[in-house]
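Taking it in order: structure first as structure tokens, then the write-up.
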Amino acid sequence: MTRVVDEAKLKGYGRPKGLPFNITKIGHVVLNCTDMDRSVRFYTDVLGFKVSDVYPNEMVPGGMVFMRCNADHHGVALVSTADAPSPNRELHHLAFEVGTLDEVIRARDHLRAHKVQIDFEGRRRAGVQIGVEFRDPDGHRLEIFWGLDQVGSDGHVRPPAEWKWAHTLKDAIADPVAGQDTTLQDPSLLSKI
């Protein structure tokens with residue numbers, strides 16, 4: 001079944017005046033997993049997260065592991081309650097930002113070396129970030145990205161006419177969008193893409 005989207009109506013929604021709070025960032029995500037050891041090894045060994053805390057079985061059946069990638073106590077937590085791999089019905093994907101375009105290429109190479117299923121690499125349209133999309137051991141879709149457009153206080157976003165979809169990292173680097181500097185700090189990485 002194809003659903004029709006009313007773009008103008010959707011773009012018309014916004015923050016209501018007088019809202020008594022202001023969400024400042026997405027804080028963390030908690031994912032169900034089928035094999036805690038395998039999943040924690042993936043998030044630590046492959047993605048570089050650090051374990052902050054672990055709830056034992058007495059606190060949460062199957063345990064719960066809290067992991068961080070910055071100063072926040074946790075950005076990802078895992079609960080061992082899944083019966084089967086994720087069908088990706090509720091959560092489409094979770095994205096992790098890196099500081100340079102070089103890191104996206106290195107991350108892609110690292111994922112390949114660990115035989116991680118890669119679904120996409122290149123540049124997406126809206127937001128024009130360059131990234132690599134892949135799966136964790138339970139099939140959750142993940143993304144490592146760089147270069148996401150920032151929206152200033154004027155609310156201006158890049159118009160669709162300036163989006164450039166690229167299906168490879170090589171194409172994304174060779175044909176940047178306006179204002180996106182795809183010069184690599186380590187030019188030798190170009191030979192790897």
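All residue names refer to the structure tokens as shown: chains lettered A, B, ... in order, residues numbered from 1 in each chain, ligands numbered from 1 in order.
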Find the residues around A:Ser188 up to 12 Å (only C-alpha atoms counted), leave out those fewer than 5 positions away in its own chain, and share them as a PDB file with C-alpha atoms, in the first residue's frame.
```
ATOM      1  CA  ASP A 102      38.328  10.214   6.642  1.00  0.00           C
ATOM      2  CA  ILE A 105      36.108   5.650   5.034  1.00  0.00           C
ATOM      3  CA  ARG A 106      38.109   4.049   7.846  1.00  0.00           C
ATOM      4  CA  THR A 183      38.914  17.115   0.894  1.00  0.00           C
ATOM      5  CA  ILE A 193      37.521   3.627  -2.133  1.00  0.00           C
TER       6      ILE A 193
END
```
Using only C-alpha atoms, I'd like a table of the residues in stretch 10-86 of chain A that come within 12 Å of stretch 144-168 of chain A; for each, show the closest atom pair and its distance in Å rounded to one decimal, ordered by chain and ascending number, as a Markdown table.
```
| residue | atom | partner | partner_atom | distance |
| --- | --- | --- | --- | --- |
| A:Lys11 | CA | A:Gly155 | CA | 11.5 |
| A:Gly14 | CA | A:Gly155 | CA | 10.8 |
| A:Arg15 | CA | A:Gly155 | CA | 11.9 |
| A:Leu47 | CA | A:Ile144 | CA | 9.5 |
```
Just write the chosen residues, C-alpha atoms, as an mmCIF file, in the first residue's frame.
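Listing of selection.cif after writing:
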```
data_model
loop_
_atom_site.group_PDB
_atom_site.id
_atom_site.type_symbol
_atom_site.label_atom_id
_atom_site.label_comp_id
_atom_site.auth_asym_id
_atom_site.auth_seq_id
_atom_site.Cartn_x
_atom_site.Cartn_y
_atom_site.Cartn_z
ATOM 1 C CA LYS A 11 6.294 21.204 6.659
ATOM 2 C CA GLY A 14 6.340 23.252 14.179
ATOM 3 C CA ARG A 15 7.127 23.917 17.791
ATOM 4 C CA LEU A 47 32.298 0.296 17.015
#
```
| task | Skip A:Pro87 itself and residues of its chain fewer than 6 positions away, then list as a PyMOL selection string all residues within 10 Å of it, counting only C-alpha atoms. | result | chain A and resi 138-141
| query | stretch 49-55 of chain A: which residues within 12 Å, counting only C-alpha atoms, same-chain residues fewer than 6 positions away excluded, as JSON, numbers by chain? | reply | {"A": [36, 37, 39, 40, 41, 42, 43, 61, 62, 63, 64, 65, 66, 67, 68, 69, 70, 71, 72, 73, 74, 75, 76, 77, 78, 79, 80, 96]}
| Residues within 6 Å of stretch 169-180 of chain A, only C-alpha atoms, excluding chain neighbours under 4 positions, as JSON, numbers by chain | {"A": [121, 122, 123, 193]}
| Which residues in stretch 65-191 of chain A does DSSP call strand (DSSP E)? List them as JSON, numbers by chain. | {"A": [65, 66, 67, 68, 76, 77, 78, 79, 94, 95, 96, 97, 118, 119, 120, 121, 122, 123, 130, 131, 132, 133, 134, 135, 141, 142, 143, 144, 145, 146]}
| message | as a ChimeraX atom specification, please: every residue in stretch 59-109 of chain A that DSSP puts in helix (DSSP H, G or I). | response | /A:101-109
| query | Quick one, how far is atom CA of A:Ile130 from atom CA of A:Gly99? | reply |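 Computing the Euclidean distance for atom CA of A:Ile130 and atom CA of A:Gly99 yields 11.7 Å.
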